$ cat my_file.cif   # mmCIF, N, CA, C and O atoms
data_start
loop_
_atom_site.label_atom_id
_atom_site.label_comp_id
_atom_site.auth_asym_id
_atom_site.auth_seq_id
_atom_site.Cartn_x
_atom_site.Cartn_y
_atom_site.Cartn_z
N MET N 1 -161.28 14.40 -136.41
CA MET N 1 -162.64 14.70 -136.06
C MET N 1 -162.89 14.23 -134.63
O MET N 1 -162.51 13.13 -134.26
N ILE N 2 -163.52 15.07 -133.83
CA ILE N 2 -163.86 14.72 -132.46
C ILE N 2 -165.34 14.34 -132.45
O ILE N 2 -166.20 15.20 -132.60
N PRO N 3 -165.64 13.06 -132.26
CA PRO N 3 -167.04 12.63 -132.33
C PRO N 3 -167.84 13.10 -131.12
O PRO N 3 -167.30 13.36 -130.05
N ILE N 4 -169.14 13.20 -131.31
CA ILE N 4 -170.07 13.54 -130.23
C ILE N 4 -170.40 12.24 -129.50
O ILE N 4 -170.94 11.32 -130.10
N PRO N 5 -170.06 12.14 -128.20
CA PRO N 5 -170.26 10.88 -127.49
C PRO N 5 -171.70 10.57 -127.12
O PRO N 5 -172.07 9.40 -126.98
N LYS N 6 -172.52 11.63 -126.93
CA LYS N 6 -173.91 11.39 -126.53
C LYS N 6 -174.75 12.62 -126.85
O LYS N 6 -174.24 13.72 -126.98
N ARG N 7 -176.05 12.39 -126.96
CA ARG N 7 -177.00 13.47 -127.21
C ARG N 7 -177.09 14.34 -125.96
O ARG N 7 -177.13 13.84 -124.84
N GLY N 8 -177.15 15.64 -126.16
CA GLY N 8 -177.32 16.54 -125.03
C GLY N 8 -176.94 17.97 -125.38
O GLY N 8 -176.68 18.29 -126.54
N ILE N 9 -176.94 18.80 -124.36
CA ILE N 9 -176.63 20.22 -124.52
C ILE N 9 -175.16 20.44 -124.18
O ILE N 9 -174.72 20.14 -123.07
N TYR N 10 -174.40 20.97 -125.12
CA TYR N 10 -172.98 21.22 -124.94
C TYR N 10 -172.77 22.40 -124.01
O TYR N 10 -173.34 23.47 -124.21
N ARG N 11 -171.97 22.21 -122.96
CA ARG N 11 -171.70 23.27 -121.99
C ARG N 11 -170.27 23.78 -122.07
O ARG N 11 -170.01 24.92 -121.74
N GLY N 12 -169.32 22.94 -122.46
CA GLY N 12 -167.95 23.40 -122.55
C GLY N 12 -166.99 22.22 -122.54
O GLY N 12 -167.39 21.06 -122.58
N VAL N 13 -165.69 22.54 -122.46
CA VAL N 13 -164.65 21.51 -122.50
C VAL N 13 -163.49 21.93 -121.61
O VAL N 13 -163.16 23.11 -121.53
N ASP N 14 -162.88 20.97 -120.96
CA ASP N 14 -161.66 21.17 -120.18
C ASP N 14 -160.55 20.38 -120.84
O ASP N 14 -160.79 19.39 -121.53
N GLY N 15 -159.32 20.80 -120.59
CA GLY N 15 -158.17 20.05 -121.05
C GLY N 15 -157.63 20.44 -122.41
O GLY N 15 -156.76 19.76 -122.95
N VAL N 16 -158.09 21.55 -122.96
CA VAL N 16 -157.66 21.95 -124.30
C VAL N 16 -156.17 22.27 -124.32
O VAL N 16 -155.45 21.86 -125.22
N GLU N 17 -155.70 22.99 -123.32
CA GLU N 17 -154.27 23.35 -123.30
C GLU N 17 -153.39 22.12 -123.17
O GLU N 17 -152.34 22.02 -123.82
N ALA N 18 -153.78 21.17 -122.34
CA ALA N 18 -153.02 19.92 -122.22
C ALA N 18 -153.04 19.15 -123.53
O ALA N 18 -152.03 18.55 -123.93
N ALA N 19 -154.16 19.15 -124.22
CA ALA N 19 -154.25 18.46 -125.51
C ALA N 19 -153.37 19.13 -126.55
O ALA N 19 -152.70 18.46 -127.34
N ARG N 20 -153.33 20.46 -126.53
CA ARG N 20 -152.48 21.19 -127.48
C ARG N 20 -151.00 20.94 -127.22
O ARG N 20 -150.17 21.05 -128.12
N ALA N 21 -150.66 20.63 -125.97
CA ALA N 21 -149.26 20.42 -125.59
C ALA N 21 -148.73 19.04 -125.99
O ALA N 21 -147.54 18.78 -125.87
N VAL N 22 -149.59 18.16 -126.46
CA VAL N 22 -149.16 16.81 -126.87
C VAL N 22 -148.21 16.94 -128.06
O VAL N 22 -148.50 17.67 -129.02
N ASP N 23 -147.09 16.24 -127.99
CA ASP N 23 -146.10 16.27 -129.06
C ASP N 23 -146.72 15.82 -130.39
O ASP N 23 -147.34 14.76 -130.46
N GLY N 24 -146.58 16.65 -131.40
CA GLY N 24 -147.11 16.33 -132.72
C GLY N 24 -148.42 17.04 -133.03
O GLY N 24 -148.81 17.13 -134.20
N VAL N 25 -149.12 17.53 -132.02
CA VAL N 25 -150.40 18.22 -132.26
C VAL N 25 -150.13 19.64 -132.73
O VAL N 25 -149.39 20.39 -132.11
N ASP N 26 -150.71 19.99 -133.87
CA ASP N 26 -150.56 21.33 -134.44
C ASP N 26 -151.66 22.28 -133.97
O ASP N 26 -151.41 23.45 -133.71
N GLU N 27 -152.87 21.76 -133.92
CA GLU N 27 -154.01 22.64 -133.63
C GLU N 27 -155.19 21.82 -133.15
O GLU N 27 -155.37 20.67 -133.54
N ILE N 28 -155.99 22.45 -132.30
CA ILE N 28 -157.29 21.90 -131.92
C ILE N 28 -158.32 22.97 -132.22
O ILE N 28 -158.20 24.11 -131.76
N HIS N 29 -159.28 22.62 -133.04
CA HIS N 29 -160.31 23.57 -133.45
C HIS N 29 -161.66 23.02 -133.00
O HIS N 29 -162.13 22.01 -133.51
N LEU N 30 -162.28 23.71 -132.03
CA LEU N 30 -163.59 23.29 -131.52
C LEU N 30 -164.68 24.03 -132.29
O LEU N 30 -164.63 25.26 -132.40
N THR N 31 -165.64 23.29 -132.80
CA THR N 31 -166.72 23.89 -133.58
C THR N 31 -168.05 23.92 -132.83
O THR N 31 -168.96 24.66 -133.22
N ALA N 32 -168.19 23.13 -131.78
CA ALA N 32 -169.43 23.12 -130.99
C ALA N 32 -169.54 24.44 -130.23
O ALA N 32 -168.54 25.00 -129.77
N LYS N 33 -170.74 24.94 -130.12
CA LYS N 33 -171.01 26.20 -129.43
C LYS N 33 -171.74 25.93 -128.11
O LYS N 33 -172.57 25.02 -128.03
N PRO N 34 -171.43 26.72 -127.06
CA PRO N 34 -172.15 26.53 -125.80
C PRO N 34 -173.66 26.60 -125.99
O PRO N 34 -174.16 27.39 -126.79
N ASP N 35 -174.37 25.74 -125.28
CA ASP N 35 -175.83 25.63 -125.32
C ASP N 35 -176.36 25.00 -126.61
O ASP N 35 -177.57 24.99 -126.83
N GLN N 36 -175.49 24.48 -127.44
CA GLN N 36 -175.90 23.82 -128.68
C GLN N 36 -176.37 22.40 -128.37
O GLN N 36 -175.77 21.69 -127.57
N LEU N 37 -177.46 21.99 -129.02
CA LEU N 37 -177.92 20.61 -128.92
C LEU N 37 -177.02 19.75 -129.78
O LEU N 37 -176.86 20.00 -130.97
N LEU N 38 -176.41 18.73 -129.16
CA LEU N 38 -175.53 17.83 -129.88
C LEU N 38 -176.25 16.53 -130.19
O LEU N 38 -176.94 15.98 -129.33
N LEU N 39 -176.09 16.06 -131.40
CA LEU N 39 -176.66 14.79 -131.83
C LEU N 39 -175.53 13.93 -132.38
O LEU N 39 -174.89 14.31 -133.36
N PRO N 40 -175.28 12.78 -131.76
CA PRO N 40 -174.21 11.92 -132.30
C PRO N 40 -174.63 11.28 -133.62
O PRO N 40 -175.81 11.22 -133.95
N LEU N 41 -173.62 10.83 -134.36
CA LEU N 41 -173.90 10.09 -135.59
C LEU N 41 -174.64 8.81 -135.25
O LEU N 41 -174.43 8.26 -134.19
N PRO N 42 -175.54 8.31 -136.03
CA PRO N 42 -175.90 8.76 -137.37
C PRO N 42 -177.00 9.81 -137.39
O PRO N 42 -177.30 10.34 -138.46
N GLU N 43 -177.63 10.13 -136.24
CA GLU N 43 -178.69 11.14 -136.24
C GLU N 43 -178.14 12.53 -136.55
O GLU N 43 -178.75 13.31 -137.26
N GLY N 44 -177.00 12.84 -135.98
CA GLY N 44 -176.39 14.14 -136.18
C GLY N 44 -175.52 14.18 -137.43
O GLY N 44 -175.26 13.16 -138.06
N ALA N 45 -175.06 15.38 -137.74
CA ALA N 45 -174.25 15.54 -138.95
C ALA N 45 -173.06 16.45 -138.70
O ALA N 45 -172.59 17.14 -139.59
N SER N 46 -172.58 16.48 -137.44
CA SER N 46 -171.46 17.35 -137.13
C SER N 46 -170.56 16.68 -136.08
O SER N 46 -170.85 15.58 -135.61
N TYR N 47 -169.50 17.39 -135.73
CA TYR N 47 -168.54 16.93 -134.74
C TYR N 47 -168.35 18.01 -133.69
O TYR N 47 -168.73 19.16 -133.89
N LEU N 48 -167.71 17.64 -132.57
CA LEU N 48 -167.38 18.64 -131.55
C LEU N 48 -166.27 19.56 -132.04
O LEU N 48 -166.16 20.69 -131.60
N GLY N 49 -165.45 19.07 -132.93
CA GLY N 49 -164.35 19.85 -133.47
C GLY N 49 -163.34 18.92 -134.14
O GLY N 49 -163.67 17.78 -134.50
N PHE N 50 -162.11 19.42 -134.25
CA PHE N 50 -161.08 18.68 -134.98
C PHE N 50 -159.73 18.82 -134.28
O PHE N 50 -159.43 19.88 -133.73
N ILE N 51 -158.95 17.76 -134.31
CA ILE N 51 -157.58 17.78 -133.81
C ILE N 51 -156.68 17.55 -135.02
O ILE N 51 -156.90 16.61 -135.79
N PHE N 52 -155.68 18.41 -135.17
CA PHE N 52 -154.73 18.29 -136.28
C PHE N 52 -153.36 17.95 -135.73
O PHE N 52 -152.89 18.61 -134.79
N ALA N 53 -152.72 16.95 -136.29
CA ALA N 53 -151.38 16.54 -135.86
C ALA N 53 -150.53 16.27 -137.09
O ALA N 53 -151.05 15.98 -138.18
N ARG N 54 -149.19 16.34 -136.88
CA ARG N 54 -148.26 16.13 -137.99
C ARG N 54 -147.05 15.35 -137.50
O ARG N 54 -146.56 15.57 -136.39
N SER N 55 -146.59 14.44 -138.34
CA SER N 55 -145.38 13.67 -138.07
C SER N 55 -144.95 13.00 -139.37
O SER N 55 -145.74 12.88 -140.30
N GLY N 56 -143.73 12.52 -139.37
CA GLY N 56 -143.24 11.79 -140.53
C GLY N 56 -143.78 10.38 -140.62
O GLY N 56 -143.66 9.72 -141.65
N LYS N 57 -144.38 9.90 -139.54
CA LYS N 57 -144.90 8.53 -139.50
C LYS N 57 -146.38 8.53 -139.14
O LYS N 57 -146.79 9.16 -138.16
N PRO N 58 -147.19 7.83 -139.92
CA PRO N 58 -148.64 7.77 -139.63
C PRO N 58 -148.95 7.28 -138.22
O PRO N 58 -149.87 7.79 -137.58
N ALA N 59 -148.19 6.31 -137.72
CA ALA N 59 -148.46 5.78 -136.37
C ALA N 59 -148.24 6.86 -135.31
O ALA N 59 -148.97 6.92 -134.32
N ALA N 60 -147.27 7.74 -135.52
CA ALA N 60 -147.03 8.83 -134.56
C ALA N 60 -148.17 9.84 -134.58
O ALA N 60 -148.55 10.38 -133.54
N VAL N 61 -148.71 10.09 -135.76
CA VAL N 61 -149.86 10.99 -135.87
C VAL N 61 -151.05 10.40 -135.13
O VAL N 61 -151.73 11.08 -134.36
N GLU N 62 -151.30 9.12 -135.35
CA GLU N 62 -152.42 8.46 -134.66
C GLU N 62 -152.24 8.52 -133.15
O GLU N 62 -153.19 8.80 -132.42
N ARG N 63 -151.03 8.26 -132.67
CA ARG N 63 -150.77 8.32 -131.22
C ARG N 63 -151.03 9.72 -130.69
O ARG N 63 -151.63 9.91 -129.63
N ALA N 64 -150.59 10.74 -131.41
CA ALA N 64 -150.79 12.13 -130.98
C ALA N 64 -152.27 12.48 -130.92
O ALA N 64 -152.74 13.11 -129.96
N LEU N 65 -153.01 12.06 -131.94
CA LEU N 65 -154.45 12.35 -131.98
C LEU N 65 -155.17 11.69 -130.80
O LEU N 65 -155.99 12.30 -130.12
N ARG N 66 -154.84 10.43 -130.56
CA ARG N 66 -155.48 9.70 -129.45
C ARG N 66 -155.09 10.30 -128.10
O ARG N 66 -155.93 10.45 -127.21
N ALA N 67 -153.83 10.65 -127.93
CA ALA N 67 -153.38 11.23 -126.66
C ALA N 67 -154.04 12.58 -126.41
O ALA N 67 -154.48 12.88 -125.30
N ALA N 68 -154.13 13.41 -127.45
CA ALA N 68 -154.78 14.71 -127.31
C ALA N 68 -156.26 14.54 -126.95
O ALA N 68 -156.78 15.22 -126.07
N HIS N 69 -156.92 13.62 -127.62
CA HIS N 69 -158.34 13.39 -127.37
C HIS N 69 -158.58 12.96 -125.93
O HIS N 69 -159.58 13.34 -125.30
N GLN N 70 -157.66 12.18 -125.37
CA GLN N 70 -157.82 11.72 -123.97
C GLN N 70 -157.76 12.87 -122.97
O GLN N 70 -158.31 12.75 -121.88
N HIS N 71 -157.13 13.97 -123.32
CA HIS N 71 -157.05 15.13 -122.42
C HIS N 71 -158.35 15.94 -122.40
O HIS N 71 -158.57 16.71 -121.48
N LEU N 72 -159.16 15.78 -123.42
CA LEU N 72 -160.37 16.59 -123.54
C LEU N 72 -161.53 15.99 -122.74
O LEU N 72 -161.83 14.80 -122.87
N ALA N 73 -162.14 16.82 -121.92
CA ALA N 73 -163.30 16.39 -121.11
C ALA N 73 -164.46 17.32 -121.45
O ALA N 73 -164.48 18.49 -121.04
N PHE N 74 -165.42 16.81 -122.18
CA PHE N 74 -166.55 17.61 -122.64
C PHE N 74 -167.70 17.54 -121.64
O PHE N 74 -168.04 16.47 -121.15
N ALA N 75 -168.28 18.70 -121.33
CA ALA N 75 -169.45 18.78 -120.46
C ALA N 75 -170.69 18.81 -121.36
O ALA N 75 -170.88 19.76 -122.12
N ILE N 76 -171.48 17.75 -121.26
CA ILE N 76 -172.71 17.64 -122.05
C ILE N 76 -173.84 17.29 -121.10
O ILE N 76 -173.84 16.23 -120.49
N ASP N 77 -174.78 18.21 -120.94
CA ASP N 77 -175.92 17.99 -120.06
C ASP N 77 -177.04 17.26 -120.80
O ASP N 77 -177.19 17.41 -122.02
N ALA N 78 -177.84 16.54 -120.05
CA ALA N 78 -179.01 15.86 -120.63
C ALA N 78 -179.97 16.91 -121.17
O ALA N 78 -180.14 17.99 -120.61
N GLU N 79 -180.59 16.56 -122.27
CA GLU N 79 -181.59 17.43 -122.88
C GLU N 79 -182.90 17.29 -122.12
O GLU N 79 -183.33 16.17 -121.80
N LEU N 80 -183.53 18.40 -121.79
CA LEU N 80 -184.82 18.35 -121.11
C LEU N 80 -185.92 18.35 -122.17
O LEU N 80 -185.98 19.23 -123.03
N PRO N 81 -186.81 17.36 -122.12
CA PRO N 81 -187.88 17.32 -123.12
C PRO N 81 -188.89 18.45 -122.89
O PRO N 81 -189.17 18.83 -121.76
N LEU N 82 -189.40 18.98 -123.97
CA LEU N 82 -190.41 20.03 -123.91
C LEU N 82 -191.74 19.47 -124.38
O LEU N 82 -191.80 18.66 -125.31
N LEU N 83 -192.80 19.92 -123.74
CA LEU N 83 -194.14 19.50 -124.16
C LEU N 83 -194.59 20.32 -125.37
O LEU N 83 -194.31 21.51 -125.46
N THR N 84 -195.30 19.67 -126.24
CA THR N 84 -195.88 20.37 -127.39
C THR N 84 -197.12 21.12 -126.91
O THR N 84 -197.68 20.80 -125.84
N PRO N 85 -197.59 22.12 -127.67
CA PRO N 85 -198.82 22.81 -127.26
C PRO N 85 -200.00 21.86 -127.07
O PRO N 85 -200.81 22.04 -126.16
N GLY N 86 -200.10 20.83 -127.90
CA GLY N 86 -201.18 19.86 -127.75
C GLY N 86 -201.09 19.09 -126.45
O GLY N 86 -202.10 18.82 -125.79
N GLN N 87 -199.88 18.72 -126.03
CA GLN N 87 -199.70 18.01 -124.76
C GLN N 87 -200.04 18.92 -123.58
O GLN N 87 -200.64 18.48 -122.60
N ILE N 88 -199.68 20.18 -123.68
CA ILE N 88 -199.99 21.13 -122.61
C ILE N 88 -201.51 21.28 -122.48
O ILE N 88 -202.06 21.23 -121.37
N GLN N 89 -202.18 21.44 -123.61
CA GLN N 89 -203.64 21.59 -123.59
C GLN N 89 -204.30 20.35 -123.00
O GLN N 89 -205.21 20.45 -122.19
N TYR N 90 -203.85 19.17 -123.39
CA TYR N 90 -204.39 17.94 -122.86
C TYR N 90 -204.21 17.89 -121.35
O TYR N 90 -205.14 17.52 -120.60
N ASN N 91 -203.00 18.23 -120.88
CA ASN N 91 -202.75 18.21 -119.43
C ASN N 91 -203.62 19.21 -118.69
O ASN N 91 -204.08 18.93 -117.57
N LEU N 92 -203.84 20.37 -119.29
CA LEU N 92 -204.71 21.37 -118.64
C LEU N 92 -206.15 20.86 -118.53
O LEU N 92 -206.83 21.12 -117.54
N LEU N 93 -206.61 20.17 -119.55
CA LEU N 93 -207.99 19.67 -119.56
C LEU N 93 -208.17 18.43 -118.71
O LEU N 93 -209.24 18.21 -118.15
N HIS N 94 -207.16 17.58 -118.63
CA HIS N 94 -207.31 16.28 -117.97
C HIS N 94 -206.47 16.09 -116.72
O HIS N 94 -206.43 14.99 -116.18
N GLY N 95 -205.81 17.15 -116.28
CA GLY N 95 -205.03 17.07 -115.05
C GLY N 95 -203.93 16.13 -115.12
O GLY N 95 -203.36 15.49 -114.40
#

$ encode --input "my_file.cif" --output "structure tokens"
Amino acid sequence: MIPIPKRGIYRGVDGVEAARAVDGVDEIHLTAKPDQLLLPLPEGASYLGFIFARSGKPAAVERALRAAHQHLAFAIDAELPLLTPGQIQYNLLHG
């Protein structure tokens, strides 16, 4: 599982091919969609995606997962707050 590092708008990822090339990595499956609002745990309930690796030794699998994850660079922009209709009306009336 690839955790969401911070709240924001997902723009994309670099380094996927390098991560796939890590020895032992079978697949990288990204589930986040461009322009999606990301919420990290515990507020959120999803992940950026998943890295799958295989080896005869658990320690080798862990090394592969960590190495692949280090290649991934996620672009996450800050979320811009929106005013509610009530806040807009208040601002119009009170400057």

$ residues_around --input "my_file.cif" --residues "Met1 (chain N)" --least-positions-apart "2" --cutoff "5 Å" --atoms "all atoms listed in the file" --output "list in words"
Pro3, Gly49, Phe50 and Ile51 of chain N

$ residues_near_point --input "my_file.cif" --point "(-178.8, 16.9, -130.8)" --cutoff "8 Å" --atoms "all atoms listed in the file" --output "JSON, numbers by chain"
{"N": [6, 7, 8, 9, 36, 37, 38, 39, 40, 43, 44]}

$ write_last_selection --input "my_file.cif" --atoms "N, CA, C and O atoms" --output "tab-separated table (two decimals), in the frame of the given file"
chain	number	residue	atom	x	y	z
N	6	LYS	N	-172.52	11.63	-126.93
N	6	LYS	CA	-173.91	11.39	-126.53
N	6	LYS	C	-174.75	12.62	-126.85
N	6	LYS	O	-174.24	13.72	-126.98
N	7	ARG	N	-176.05	12.39	-126.96
N	7	ARG	CA	-177.00	13.47	-127.21
N	7	ARG	C	-177.09	14.34	-125.96
N	7	ARG	O	-177.13	13.84	-124.84
N	8	GLY	N	-177.15	15.64	-126.16
N	8	GLY	CA	-177.32	16.54	-125.03
N	8	GLY	C	-176.94	17.97	-125.38
N	8	GLY	O	-176.68	18.29	-126.54
N	9	ILE	N	-176.94	18.80	-124.36
N	9	ILE	CA	-176.63	20.22	-124.52
N	9	ILE	C	-175.16	20.44	-124.18
N	9	ILE	O	-174.72	20.14	-123.07
N	36	GLN	N	-175.49	24.48	-127.44
N	36	GLN	CA	-175.90	23.82	-128.68
N	36	GLN	C	-176.37	22.40	-128.37
N	36	GLN	O	-175.77	21.69	-127.57
N	37	LEU	N	-177.46	21.99	-129.02
N	37	LEU	CA	-177.92	20.61	-128.92
N	37	LEU	C	-177.02	19.75	-129.78
N	37	LEU	O	-176.86	20.00	-130.97
N	38	LEU	N	-176.41	18.73	-129.16
N	38	LEU	CA	-175.53	17.83	-129.88
N	38	LEU	C	-176.25	16.53	-130.19
N	38	LEU	O	-176.94	15.98	-129.33
N	39	LEU	N	-176.09	16.06	-131.40
N	39	LEU	CA	-176.66	14.79	-131.83
N	39	LEU	C	-175.53	13.93	-132.38
N	39	LEU	O	-174.89	14.31	-133.36
N	40	PRO	N	-175.28	12.78	-131.76
N	40	PRO	CA	-174.21	11.92	-132.30
N	40	PRO	C	-174.63	11.28	-133.62
N	40	PRO	O	-175.81	11.22	-133.95
N	43	GLU	N	-177.63	10.13	-136.24
N	43	GLU	CA	-178.69	11.14	-136.24
N	43	GLU	C	-178.14	12.53	-136.55
N	43	GLU	O	-178.75	13.31	-137.26
N	44	GLY	N	-177.00	12.84	-135.98
N	44	GLY	CA	-176.39	14.14	-136.18
N	44	GLY	C	-175.52	14.18	-137.43
N	44	GLY	O	-175.26	13.16	-138.06

$ residues_around --input "my_file.cif" --residues "Leu72 (chain N)" --least-positions-apart "4" --cutoff "8 Å" --atoms "only N, CA, C and O atoms" --output "MDAnalysis selection string"
chainID N and resid 12:19 66:68

$ residues_around --input "my_file.cif" --residues "Lys33 (chain N)" --least-positions-apart "5" --cutoff "9 Å" --atoms "only C-alpha atoms" --output "list of chain:residue names"
N:Tyr10, N:Arg11, N:Gly12, N:Leu48

$ write_last_selection --input "my_file.cif" --atoms "N, CA, C and O atoms" --output "CSV table (one decimal), in the coordinates of the input"
chain,number,residue,atom,x,y,z
N,10,TYR,N,-174.4,21.0,-125.1
N,10,TYR,CA,-173.0,21.2,-124.9
N,10,TYR,C,-172.8,22.4,-124.0
N,10,TYR,O,-173.3,23.5,-124.2
N,11,ARG,N,-172.0,22.2,-123.0
N,11,ARG,CA,-171.7,23.3,-122.0
N,11,ARG,C,-170.3,23.8,-122.1
N,11,ARG,O,-170.0,24.9,-121.7
N,12,GLY,N,-169.3,22.9,-122.5
N,12,GLY,CA,-168.0,23.4,-122.6
N,12,GLY,C,-167.0,22.2,-122.5
N,12,GLY,O,-167.4,21.1,-122.6
N,48,LEU,N,-167.7,17.6,-132.6
N,48,LEU,CA,-167.4,18.6,-131.6
N,48,LEU,C,-166.3,19.6,-132.0
N,48,LEU,O,-166.2,20.7,-131.6

$ closest_residue --input "my_file.cif" --among "N:His94, N:Ile88, N:Pro81, N:Glu62" --to "Val22 (chain N)" --atoms "only C-alpha atoms"
N:Glu62

$ atom_distance --input "my_file.cif" --atom1 "atom C of Arg63 (chain N)" --atom2 "CA of Ala45 (chain N)"
25.3 Å

$ resolve_selection --input "my_file.cif" --expression "the PyMOL selection byres (((chain N and resi 52 and name CA) around 7) and name CA)" --output "PyMOL selection string"
chain N and resi 25-28+50-51+53

$ closest_residue --input "my_file.cif" --among "N:His69, N:Asn91, N:Tyr47, N:Ala64" --to "Ala32 (chain N)" --atoms "all atoms listed in the file"
N:Tyr47

$ atom_distance --input "my_file.cif" --atom1 "CA of Leu41 (chain N)" --atom2 "CA of Ile2 (chain N)"
11.5 Å

$ atom_distance --input "my_file.cif" --atom1 "CA of Ala60 (chain N)" --atom2 "CA of Ala21 (chain N)"
14.8 Å

$ select_by_dssp --input "my_file.cif" --residues "chain N" --states "strand (DSSP E)" --output "ChimeraX atom specification"
/N:8-14,25-30,37-38,49-53,73-77

$ select_by_dssp --input "my_file.cif" --residues "chain N" --states "alpha helix (DSSP H)" --output "MDAnalysis selection string"
chainID N and resid 16:20 58:71 85:94
